[in-house]
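Enquirer: Supplied structure: final.cif, mmCIF, C-alpha atoms.
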```cif
data_entry
#
loop_
_atom_site.group_PDB
_atom_site.id
_atom_site.type_symbol
_atom_site.label_atom_id
_atom_site.label_comp_id
_atom_site.auth_asym_id
_atom_site.auth_seq_id
_atom_site.Cartn_x
_atom_site.Cartn_y
_atom_site.Cartn_z
ATOM 1 C CA VAL A 801 22.949 -31.842 -21.188
ATOM 2 C CA SER A 802 22.921 -35.389 -22.596
ATOM 3 C CA ASN A 803 25.516 -36.560 -20.038
ATOM 4 C CA ILE A 804 24.386 -34.663 -16.952
ATOM 5 C CA GLY A 805 20.670 -34.219 -17.494
ATOM 6 C CA ILE A 806 18.307 -31.456 -16.418
ATOM 7 C CA PHE A 807 16.835 -31.282 -12.915
ATOM 8 C CA ILE A 808 13.086 -30.609 -13.010
ATOM 9 C CA GLN A 809 11.062 -30.006 -9.863
ATOM 10 C CA ILE A 810 7.859 -32.037 -10.113
ATOM 11 C CA GLU A 811 6.404 -31.235 -6.686
ATOM 12 C CA ASN A 812 7.585 -29.144 -3.739
ATOM 13 C CA ASN A 813 10.239 -31.535 -2.479
ATOM 14 C CA PHE A 814 10.713 -33.944 -5.386
ATOM 15 C CA GLN A 815 12.978 -33.609 -8.404
ATOM 16 C CA THR A 816 13.569 -35.746 -11.460
ATOM 17 C CA THR A 817 16.263 -35.665 -14.131
ATOM 18 C CA VAL A 818 15.367 -35.387 -17.811
ATOM 19 C CA PHE A 819 17.928 -36.050 -20.525
ATOM 20 C CA GLN A 820 18.097 -34.726 -24.044
ATOM 21 C CA GLU A 821 15.483 -36.472 -26.178
ATOM 22 C CA THR A 822 14.955 -37.032 -29.893
ATOM 23 C CA ALA A 823 11.696 -37.711 -31.693
ATOM 24 C CA LYS A 824 11.355 -41.161 -33.255
ATOM 25 C CA PRO A 825 8.746 -42.484 -35.717
ATOM 26 C CA GLU A 826 6.891 -44.324 -32.960
ATOM 27 C CA THR A 827 6.976 -41.585 -30.310
ATOM 28 C CA ILE A 828 7.556 -37.853 -29.926
ATOM 29 C CA CYS A 829 9.759 -38.303 -26.867
ATOM 30 C CA GLN A 830 10.650 -40.796 -24.162
ATOM 31 C CA ASN A 831 9.020 -38.862 -21.308
ATOM 32 C CA PRO A 832 5.836 -37.470 -22.884
ATOM 33 C CA LEU A 833 4.126 -36.645 -19.567
ATOM 34 C CA THR A 834 7.043 -34.699 -18.055
ATOM 35 C CA ARG A 835 6.035 -31.081 -18.504
ATOM 36 C CA ASP A 836 8.387 -28.298 -19.438
ATOM 37 C CA PRO A 837 9.159 -26.319 -16.234
ATOM 38 C CA TYR A 838 8.989 -22.967 -18.038
ATOM 39 C CA GLU A 839 5.577 -23.703 -19.562
ATOM 40 C CA SER A 840 4.296 -24.919 -16.198
ATOM 41 C CA LYS A 841 4.773 -21.398 -14.812
ATOM 42 C CA TRP A 842 3.108 -19.544 -17.652
ATOM 43 C CA VAL A 843 0.362 -21.566 -19.355
ATOM 44 C CA LEU A 844 -2.332 -24.197 -18.855
ATOM 45 C CA VAL A 845 -4.661 -26.152 -21.142
ATOM 46 C CA GLN A 846 -8.426 -25.822 -20.800
ATOM 47 C CA ASP A 847 -11.491 -25.624 -23.034
ATOM 48 C CA SER A 848 -11.124 -22.940 -25.685
ATOM 49 C CA LYS A 849 -13.475 -19.969 -25.733
ATOM 50 C CA ILE A 850 -13.584 -20.247 -29.522
ATOM 51 C CA PRO A 851 -16.688 -22.178 -30.651
ATOM 52 C CA GLU A 852 -15.974 -25.789 -31.738
ATOM 53 C CA ALA A 853 -12.218 -25.339 -31.249
ATOM 54 C CA GLY A 854 -11.774 -27.980 -28.552
ATOM 55 C CA GLN A 855 -9.006 -27.225 -26.080
ATOM 56 C CA GLY A 856 -6.904 -24.075 -26.014
ATOM 57 C CA LEU A 857 -3.914 -22.632 -24.167
ATOM 58 C CA PHE A 858 -4.347 -19.932 -21.510
ATOM 59 C CA ALA A 859 -2.027 -17.561 -19.646
ATOM 60 C CA LEU A 860 -1.419 -18.379 -15.975
ATOM 61 C CA GLN A 861 0.253 -14.995 -15.392
ATOM 62 C CA ASP A 862 0.469 -11.650 -17.174
ATOM 63 C CA ILE A 863 2.696 -12.108 -20.229
ATOM 64 C CA LYS A 864 4.664 -9.229 -21.747
ATOM 65 C CA LYS A 865 4.938 -8.464 -25.452
ATOM 66 C CA GLY A 866 7.972 -10.257 -26.885
ATOM 67 C CA GLN A 867 7.985 -12.966 -24.205
ATOM 68 C CA LEU A 868 8.293 -16.625 -25.123
ATOM 69 C CA ILE A 869 5.075 -18.414 -24.140
ATOM 70 C CA ALA A 870 5.307 -22.101 -25.049
ATOM 71 C CA PHE A 871 7.185 -24.621 -27.196
ATOM 72 C CA PHE A 872 6.033 -26.703 -30.175
ATOM 73 C CA TYR A 873 7.844 -30.034 -30.438
ATOM 74 C CA GLY A 874 6.682 -33.065 -32.402
ATOM 75 C CA LEU A 875 7.538 -35.635 -35.043
ATOM 76 C CA PRO A 876 9.685 -34.285 -37.905
ATOM 77 C CA LEU A 877 8.266 -34.980 -41.371
ATOM 78 C CA GLN A 878 10.991 -34.857 -44.017
ATOM 79 C CA ASN A 879 10.488 -33.518 -47.559
ATOM 80 C CA MET A 880 7.330 -31.671 -46.466
ATOM 81 C CA ILE A 881 5.260 -34.864 -46.303
ATOM 82 C CA GLN A 882 1.600 -33.909 -45.869
ATOM 83 C CA GLY A 883 0.984 -33.251 -42.205
ATOM 84 C CA SER A 884 -2.183 -32.987 -40.163
ATOM 85 C CA ASP A 885 -4.017 -29.825 -39.092
ATOM 86 C CA TYR A 886 -1.623 -29.853 -36.129
ATOM 87 C CA SER A 887 1.524 -29.667 -38.261
ATOM 88 C CA ILE A 888 3.711 -26.577 -38.397
ATOM 89 C CA LYS A 889 6.394 -25.633 -40.903
ATOM 90 C CA PHE A 890 9.960 -25.718 -39.602
ATOM 91 C CA SER A 891 11.821 -25.217 -42.897
ATOM 92 C CA ASP A 892 11.289 -25.652 -46.633
ATOM 93 C CA GLU A 893 12.102 -29.343 -46.212
ATOM 94 C CA LEU A 894 10.636 -30.117 -42.802
ATOM 95 C CA LEU A 895 7.308 -30.095 -40.959
ATOM 96 C CA ILE A 896 6.763 -30.747 -37.260
ATOM 97 C CA ASP A 897 3.579 -32.694 -36.549
ATOM 98 C CA ILE A 898 1.622 -34.008 -33.571
ATOM 99 C CA PRO A 899 0.329 -37.524 -34.372
ATOM 100 C CA ASP A 900 -3.256 -38.515 -33.601
ATOM 101 C CA ASN A 901 -2.328 -40.592 -30.565
ATOM 102 C CA CYS A 902 -0.444 -37.711 -28.895
ATOM 103 C CA ARG A 903 -2.986 -34.900 -29.060
ATOM 104 C CA SER A 904 -4.483 -35.554 -25.649
ATOM 105 C CA THR A 905 -2.560 -34.068 -22.730
ATOM 106 C CA ASP A 906 -3.149 -37.393 -20.979
ATOM 107 C CA ILE A 907 -0.723 -38.882 -23.525
ATOM 108 C CA TYR A 908 1.588 -35.981 -24.380
ATOM 109 C CA CYS A 909 2.153 -32.694 -22.523
ATOM 110 C CA ALA A 910 5.936 -32.253 -22.719
ATOM 111 C CA THR A 911 5.301 -29.119 -24.817
ATOM 112 C CA LEU A 912 1.977 -27.344 -25.254
ATOM 113 C CA ALA A 913 2.105 -24.812 -28.101
ATOM 114 C CA HIS A 914 0.185 -27.258 -30.322
ATOM 115 C CA LYS A 915 -2.838 -26.471 -28.119
ATOM 116 C CA ILE A 916 -2.876 -22.845 -29.277
ATOM 117 C CA CYS A 917 -5.985 -22.102 -31.348
ATOM 118 C CA HIS A 918 -6.172 -19.970 -34.482
ATOM 119 C CA SER A 919 -7.341 -16.359 -34.660
ATOM 120 C CA PHE A 920 -6.983 -13.622 -37.271
ATOM 121 C CA GLU A 921 -6.674 -11.248 -34.300
ATOM 122 C CA ALA A 922 -3.969 -13.229 -32.559
ATOM 123 C CA ASN A 923 -1.990 -12.186 -29.485
ATOM 124 C CA ALA A 924 1.005 -14.423 -30.283
ATOM 125 C CA GLU A 925 2.991 -15.666 -33.257
ATOM 126 C CA TYR A 926 5.181 -18.649 -34.029
ATOM 127 C CA SER A 927 8.940 -18.263 -33.912
ATOM 128 C CA TYR A 928 12.048 -20.442 -33.480
ATOM 129 C CA ALA A 929 13.862 -21.565 -30.367
ATOM 130 C CA PHE A 930 16.533 -23.797 -28.913
ATOM 131 C CA HIS A 931 15.445 -26.139 -26.138
ATOM 132 C CA PRO A 932 17.905 -27.896 -23.756
ATOM 133 C CA ARG A 933 15.774 -31.043 -23.786
ATOM 134 C CA PHE A 934 14.578 -31.131 -27.413
ATOM 135 C CA GLY A 935 17.334 -29.321 -29.313
ATOM 136 C CA GLN A 936 16.945 -27.104 -32.362
ATOM 137 C CA VAL A 937 14.154 -28.788 -34.356
ATOM 138 C CA ILE A 938 11.481 -27.023 -32.370
ATOM 139 C CA ARG A 939 9.306 -23.934 -32.669
ATOM 140 C CA CYS A 940 7.715 -21.698 -30.083
ATOM 141 C CA ALA A 941 4.994 -19.111 -29.560
ATOM 142 C CA VAL A 942 5.949 -15.536 -28.665
ATOM 143 C CA ALA A 943 3.595 -12.785 -27.462
ATOM 144 C CA ILE A 944 3.017 -9.962 -29.963
ATOM 145 C CA LYS A 945 1.135 -7.882 -27.387
ATOM 146 C CA ASP A 946 0.743 -7.835 -23.616
ATOM 147 C CA ILE A 947 -1.496 -10.718 -22.496
ATOM 148 C CA GLU A 948 -3.385 -10.665 -19.204
ATOM 149 C CA SER A 949 -3.591 -13.674 -16.908
ATOM 150 C CA GLY A 950 -6.534 -15.901 -17.851
ATOM 151 C CA THR A 951 -6.519 -14.829 -21.509
ATOM 152 C CA GLU A 952 -6.539 -17.465 -24.240
ATOM 153 C CA ILE A 953 -3.360 -17.582 -26.339
ATOM 154 C CA THR A 954 -4.026 -17.469 -30.102
ATOM 155 C CA CYS A 955 -1.866 -17.472 -33.233
ATOM 156 C CA ASN A 956 -2.708 -16.766 -36.862
ATOM 157 C CA TYR A 957 -2.054 -20.095 -38.595
ATOM 158 C CA LYS A 958 -1.481 -18.298 -41.942
ATOM 159 C CA TYR A 959 -2.491 -21.246 -44.087
ATOM 160 C CA LYS A 960 -2.098 -20.909 -47.831
ATOM 161 C CA LEU A 961 -5.580 -21.030 -49.289
ATOM 162 C CA GLN A 962 -4.956 -24.085 -51.461
ATOM 163 C CA LYS A 963 -3.956 -26.045 -48.350
ATOM 164 C CA ALA A 964 -6.349 -24.483 -45.871
ATOM 165 C CA PRO A 965 -9.026 -26.677 -44.253
ATOM 166 C CA GLU A 966 -12.656 -25.666 -44.714
ATOM 167 C CA TRP A 967 -13.033 -24.419 -41.127
ATOM 168 C CA TYR A 968 -10.212 -21.926 -41.762
ATOM 169 C CA LYS A 969 -11.890 -20.582 -44.906
ATOM 170 C CA ARG A 970 -15.156 -20.167 -43.007
ATOM 171 C CA CYS A 971 -13.362 -18.241 -40.255
ATOM 172 C CA LEU A 972 -11.633 -16.068 -42.855
ATOM 173 C CA LYS A 973 -14.894 -15.261 -44.602
ATOM 174 C CA THR A 974 -16.513 -14.273 -41.301
ATOM 175 C CA PHE A 975 -13.511 -12.213 -40.217
ATOM 176 C CA LEU A 976 -13.342 -10.279 -43.491
ATOM 177 C CA SER A 977 -17.090 -9.686 -43.587
ATOM 178 C CA VAL A 978 -17.092 -8.231 -40.074
ATOM 179 C CA ASN A 979 -13.915 -6.153 -40.368
ATOM 180 C CA LEU A 980 -14.645 -4.770 -43.828
ATOM 181 C CA HIS A 981 -18.350 -4.117 -43.064
ATOM 182 C CA CYS A 982 -19.197 -5.902 -46.296
ATOM 183 C CA SER A 983 -22.453 -5.704 -48.153
ATOM 184 C CA GLU A 984 -24.123 -8.953 -49.189
ATOM 185 C CA GLN A 985 -22.690 -8.475 -52.695
ATOM 186 C CA ASP A 986 -19.178 -8.020 -51.305
ATOM 187 C CA GLN A 987 -19.581 -11.125 -49.168
ATOM 188 C CA GLN A 988 -20.506 -13.108 -52.277
ATOM 189 C CA LEU A 989 -17.383 -11.794 -54.007
ATOM 190 C CA ILE A 990 -15.224 -12.815 -51.031
ATOM 191 C CA GLU A 991 -16.740 -16.293 -51.055
ATOM 192 C CA LYS A 992 -16.103 -16.636 -54.810
ATOM 193 C CA LYS A 993 -12.474 -15.540 -54.459
ATOM 194 C CA LEU A 994 -11.878 -17.920 -51.556
ATOM 195 C CA LEU A 995 -13.554 -20.742 -53.441
ATOM 196 C CA HIS A 996 -10.997 -20.316 -56.235
ATOM 197 C CA ASN A 997 -8.071 -20.062 -53.789
ATOM 198 C CA ASN A 998 -7.109 -16.586 -54.981
ATOM 199 C CA GLU A 999 -3.888 -16.001 -53.023
ATOM 200 C CA THR A 1000 -3.341 -12.464 -54.380
ATOM 201 C CA PHE A 1001 -6.792 -11.395 -53.233
ATOM 202 C CA TYR A 1002 -6.209 -13.139 -49.901
ATOM 203 C CA SER A 1003 -2.971 -11.247 -49.224
ATOM 204 C CA LYS A 1004 -4.262 -7.856 -50.329
ATOM 205 C CA ILE A 1005 -7.479 -8.081 -48.356
ATOM 206 C CA LEU A 1006 -5.714 -9.142 -45.141
ATOM 207 C CA PHE A 1007 -3.264 -6.280 -45.546
ATOM 208 C CA ARG A 1008 -6.231 -3.928 -45.948
ATOM 209 C CA VAL A 1009 -7.637 -4.912 -42.563
ATOM 210 C CA GLY A 1010 -4.243 -4.449 -40.936
ATOM 211 C CA ARG A 1011 -3.061 -8.048 -40.548
ATOM 212 C CA GLY A 1012 -0.100 -7.825 -42.904
ATOM 213 C CA ASN A 1013 0.727 -9.867 -45.972
ATOM 214 C CA VAL A 1014 0.651 -13.599 -45.367
#
```
Could you express the structure from this file as C-alpha cells?
Expert:
Amino acid sequence: VSNIGIFIQIENNFQTTVFQETAKPETICQNPLTRDPYESKWVLVQDSKIPEAGQGLFALQDIKKGQLIAFFYGLPLQNMIQGSDYSIKFSDELLIDIPDNCRSTDIYCATLAHKICHSFEANAEYSYAFHPRFGQVIRCAVAIKDIESGTEITCNYKYKLQKAPEWYKRCLKTFLSVNLHCSEQDQQLIEKKLLHNNETFYSKILFRVGRGNV
C-alpha cells in the first residue's frame, strides 16, 4: 500500500491516490479531508437527535447486525496520558484521541466514528480493525442490531465512574430511573452511589436492566 497507494473515487470521473499515513503530534494525518470510501457509502454527519449532544453520525443505508459502520483514527497517546472526552482506549498502554482543532469535519473527516454519540441503549459498539490507509492502531464501530437508514448511530461509552464526565453521570441517573421505575427514595440512593463512584453498584445495576457488566 505504501508504495502503490490506494485509488479513491472523489467524484464520478475523478480519482485520487492516498498512501498509507501515520499520525504525528502536530496532525492526525496528511490528508485530513479525504474521506474514507467505505464510510462515504454508509454514514453521514448531521445534528444529533440527542439533546445538547452536538453532531452525531447517521446511517445512509440499512445496516445489518455485525456490519462494520465507521472507523476511529486519531492521535495515539502513550502510557494512557489523560485524553479528552473524545479519546478511546486502544490498549492498556495507549489511547486514541481527537485533538480540539480536528473535531470539526471542516478540518478532519478522514474517519468519522468519533462523531458517534453515547447511549445506554446503543445500536453499535466499538471494536478493532485493520485499515489499509491507517494501519492497526485504529478502532471501529460495529452494529449490534439491524439499523435502518436515517437512524442515528450510538455506542455505550462505558466510562468508569471515577473518570466519567458529569454529563455521563446525569445520563446514567436518568436512564436508571426510567428503566428501573424508581421511587424518589430509590433515585436518591442512585444519586448517592454515583456521587461516591461506586463501581460495584454501577455494574450490578446495569446488568439488572439488561446492559451487561461494564
Enquirer: Which of these residues is nearest to Asn956 of chain A, using only C-alpha atoms: A:Asp885, A:Ser904, A:Phe890, A:Ser919?
Expert: A:Ser919
Enquirer: Take atom CA of Thr834 of chain A and atom CA of Arg903 of chain A and report the distance between them in Å, one decimal.
Expert: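 Result for atom CA of Thr834 of chain A versus atom CA of Arg903 of chain A: 14.9 Å, one decimal.
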Enquirer: Counting all atoms listed in the file, which residue out of A:Ile850, A:Ile944, A:His918, A:Gln855 sits closest to Lys969 of chain A?
Expert: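 Distance minimum relative to Lys969 of chain A lands on A:His918.
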Enquirer: Give me, as a ChimeraX atom specification, all polymer residues having an atom no more than 12 Å from His914 of chain A, counting all atoms listed in the file and skipping those fewer than 2 positions away in the same chain.
Expert: /A:845,855-857,869-874,884-888,896-899,902-905,908-912,916-918,926,938-941,953-955,957
Enquirer: Store the residues picked out above in a file with C-alpha atoms, as a PDB file, keeping the file's coordinate frame.
Expert:
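As a result, again_14.pdb now contains:
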```pdb
ATOM      1  CA  VAL A 845      -4.661 -26.152 -21.142  1.00  0.00           C
ATOM      2  CA  GLN A 855      -9.006 -27.225 -26.080  1.00  0.00           C
ATOM      3  CA  GLY A 856      -6.904 -24.075 -26.014  1.00  0.00           C
ATOM      4  CA  LEU A 857      -3.914 -22.632 -24.167  1.00  0.00           C
ATOM      5  CA  ILE A 869       5.075 -18.414 -24.140  1.00  0.00           C
ATOM      6  CA  ALA A 870       5.307 -22.101 -25.049  1.00  0.00           C
ATOM      7  CA  PHE A 871       7.185 -24.621 -27.196  1.00  0.00           C
ATOM      8  CA  PHE A 872       6.033 -26.703 -30.175  1.00  0.00           C
ATOM      9  CA  TYR A 873       7.844 -30.034 -30.438  1.00  0.00           C
ATOM     10  CA  GLY A 874       6.682 -33.065 -32.402  1.00  0.00           C
ATOM     11  CA  SER A 884      -2.183 -32.987 -40.163  1.00  0.00           C
ATOM     12  CA  ASP A 885      -4.017 -29.825 -39.092  1.00  0.00           C
ATOM     13  CA  TYR A 886      -1.623 -29.853 -36.129  1.00  0.00           C
ATOM     14  CA  SER A 887       1.524 -29.667 -38.261  1.00  0.00           C
ATOM     15  CA  ILE A 888       3.711 -26.577 -38.397  1.00  0.00           C
ATOM     16  CA  ILE A 896       6.763 -30.747 -37.260  1.00  0.00           C
ATOM     17  CA  ASP A 897       3.579 -32.694 -36.549  1.00  0.00           C
ATOM     18  CA  ILE A 898       1.622 -34.008 -33.571  1.00  0.00           C
ATOM     19  CA  PRO A 899       0.329 -37.524 -34.372  1.00  0.00           C
ATOM     20  CA  CYS A 902      -0.444 -37.711 -28.895  1.00  0.00           C
ATOM     21  CA  ARG A 903      -2.986 -34.900 -29.060  1.00  0.00           C
ATOM     22  CA  SER A 904      -4.483 -35.554 -25.649  1.00  0.00           C
ATOM     23  CA  THR A 905      -2.560 -34.068 -22.730  1.00  0.00           C
ATOM     24  CA  TYR A 908       1.588 -35.981 -24.380  1.00  0.00           C
ATOM     25  CA  CYS A 909       2.153 -32.694 -22.523  1.00  0.00           C
ATOM     26  CA  ALA A 910       5.936 -32.253 -22.719  1.00  0.00           C
ATOM     27  CA  THR A 911       5.301 -29.119 -24.817  1.00  0.00           C
ATOM     28  CA  LEU A 912       1.977 -27.344 -25.254  1.00  0.00           C
ATOM     29  CA  ILE A 916      -2.876 -22.845 -29.277  1.00  0.00           C
ATOM     30  CA  CYS A 917      -5.985 -22.102 -31.348  1.00  0.00           C
ATOM     31  CA  HIS A 918      -6.172 -19.970 -34.482  1.00  0.00           C
ATOM     32  CA  TYR A 926       5.181 -18.649 -34.029  1.00  0.00           C
ATOM     33  CA  ILE A 938      11.481 -27.023 -32.370  1.00  0.00           C
ATOM     34  CA  ARG A 939       9.306 -23.934 -32.669  1.00  0.00           C
ATOM     35  CA  CYS A 940       7.715 -21.698 -30.083  1.00  0.00           C
ATOM     36  CA  ALA A 941       4.994 -19.111 -29.560  1.00  0.00           C
ATOM     37  CA  ILE A 953      -3.360 -17.582 -26.339  1.00  0.00           C
ATOM     38  CA  THR A 954      -4.026 -17.469 -30.102  1.00  0.00           C
ATOM     39  CA  CYS A 955      -1.866 -17.472 -33.233  1.00  0.00           C
ATOM     40  CA  TYR A 957      -2.054 -20.095 -38.595  1.00  0.00           C
TER      41      TYR A 957
END
```
Enquirer: Within 12 Å of (3.2, -13.8, -25.2), in the coordinates the file gives, what residues turn up when you count all atoms listed in the file, written out as a PyMOL selection string?
Expert: chain A and resi 839+842-843+857-871+913+916+922-927+940-949+951-955
Enquirer: What is the distance, in Å and to one decimal place, between atom CA of Glu966 of chain A and atom CA of Lys849 of chain A?
Expert: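 Going from atom CA of Glu966 of chain A over to atom CA of Lys849 of chain A covers 19.8 Å.
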Enquirer: Please, can segment 915-925 of chain A be completed to all heavy atoms and returned as a tab-separated table (two decimals), in the frame of the given file?
Expert:
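Okay, selection12.tsv is ready:
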```
chain	number	residue	atom	x	y	z
A	915	LYS	N	-1.49	-26.70	-28.62
A	915	LYS	CA	-2.84	-26.47	-28.12
A	915	LYS	C	-3.33	-25.04	-28.40
A	915	LYS	O	-4.47	-24.70	-28.08
A	915	LYS	CB	-2.90	-26.76	-26.62
A	915	LYS	CG	-2.81	-28.23	-26.26
A	915	LYS	CD	-4.02	-28.99	-26.78
A	915	LYS	CE	-4.03	-30.44	-26.34
A	915	LYS	NZ	-5.22	-31.16	-26.86
A	916	ILE	N	-2.48	-24.22	-28.97
A	916	ILE	CA	-2.88	-22.84	-29.28
A	916	ILE	C	-3.84	-22.84	-30.46
A	916	ILE	O	-3.57	-23.41	-31.51
A	916	ILE	CB	-1.64	-21.98	-29.60
A	916	ILE	CG1	-0.75	-21.86	-28.36
A	916	ILE	CG2	-2.05	-20.61	-30.11
A	916	ILE	CD1	0.56	-21.15	-28.61
A	917	CYS	N	-4.98	-22.18	-30.30
A	917	CYS	CA	-5.98	-22.10	-31.35
A	917	CYS	C	-5.71	-20.93	-32.29
A	917	CYS	O	-4.97	-20.00	-31.97
A	917	CYS	CB	-7.38	-21.97	-30.73
A	917	CYS	SG	-7.93	-23.45	-29.85
A	918	HIS	N	-6.35	-21.00	-33.45
A	918	HIS	CA	-6.17	-19.97	-34.48
A	918	HIS	C	-7.06	-18.76	-34.24
A	918	HIS	O	-8.20	-18.87	-33.78
A	918	HIS	CB	-6.51	-20.54	-35.85
A	918	HIS	CG	-6.75	-19.49	-36.89
A	918	HIS	ND1	-5.73	-18.81	-37.52
A	918	HIS	CD2	-7.91	-18.96	-37.37
A	918	HIS	CE1	-6.23	-17.93	-38.36
A	918	HIS	NE2	-7.56	-17.99	-38.30
A	919	SER	N	-6.54	-17.58	-34.60
A	919	SER	CA	-7.34	-16.36	-34.66
A	919	SER	C	-6.69	-15.40	-35.65
A	919	SER	O	-5.46	-15.32	-35.73
A	919	SER	CB	-7.43	-15.69	-33.28
A	919	SER	OG	-8.07	-14.42	-33.39
A	920	PHE	N	-7.51	-14.68	-36.41
A	920	PHE	CA	-6.98	-13.62	-37.27
A	920	PHE	C	-6.67	-12.35	-36.47
A	920	PHE	O	-6.13	-11.41	-37.02
A	920	PHE	CB	-7.97	-13.32	-38.40
A	920	PHE	CG	-8.04	-14.41	-39.43
A	920	PHE	CD1	-9.15	-15.22	-39.53
A	920	PHE	CD2	-6.97	-14.63	-40.30
A	920	PHE	CE1	-9.21	-16.23	-40.47
A	920	PHE	CE2	-7.02	-15.64	-41.25
A	920	PHE	CZ	-8.14	-16.44	-41.34
A	921	GLU	N	-7.02	-12.35	-35.20
A	921	GLU	CA	-6.67	-11.25	-34.30
A	921	GLU	C	-5.85	-11.81	-33.14
A	921	GLU	O	-6.19	-11.63	-31.98
A	921	GLU	CB	-7.95	-10.55	-33.82
A	921	GLU	CG	-8.74	-9.95	-34.95
A	921	GLU	CD	-10.00	-9.23	-34.48
A	921	GLU	OE1	-11.00	-9.92	-34.25
A	921	GLU	OE2	-9.96	-7.98	-34.36
A	922	ALA	N	-4.78	-12.47	-33.51
A	922	ALA	CA	-3.97	-13.23	-32.56
A	922	ALA	C	-3.21	-12.32	-31.60
A	922	ALA	O	-2.95	-11.15	-31.88
A	922	ALA	CB	-2.98	-14.11	-33.33
A	923	ASN	N	-2.84	-12.90	-30.45
A	923	ASN	CA	-1.99	-12.19	-29.48
A	923	ASN	C	-0.58	-12.79	-29.40
A	923	ASN	O	0.23	-12.38	-28.57
A	923	ASN	CB	-2.64	-12.15	-28.10
A	923	ASN	CG	-3.06	-13.53	-27.61
A	923	ASN	OD1	-2.49	-14.55	-28.00
A	923	ASN	ND2	-4.07	-13.57	-26.74
A	924	ALA	N	-0.32	-13.79	-30.25
A	924	ALA	CA	1.00	-14.42	-30.28
A	924	ALA	C	1.32	-14.84	-31.71
A	924	ALA	O	0.44	-14.87	-32.58
A	924	ALA	CB	1.05	-15.64	-29.35
A	925	GLU	N	2.58	-15.17	-31.95
A	925	GLU	CA	2.99	-15.67	-33.26
A	925	GLU	C	4.05	-16.74	-33.08
A	925	GLU	O	4.71	-16.82	-32.04
A	925	GLU	CB	3.56	-14.53	-34.12
A	925	GLU	CG	4.84	-13.92	-33.60
A	925	GLU	CD	5.34	-12.78	-34.46
A	925	GLU	OE1	4.65	-12.41	-35.43
A	925	GLU	OE2	6.44	-12.25	-34.16
```
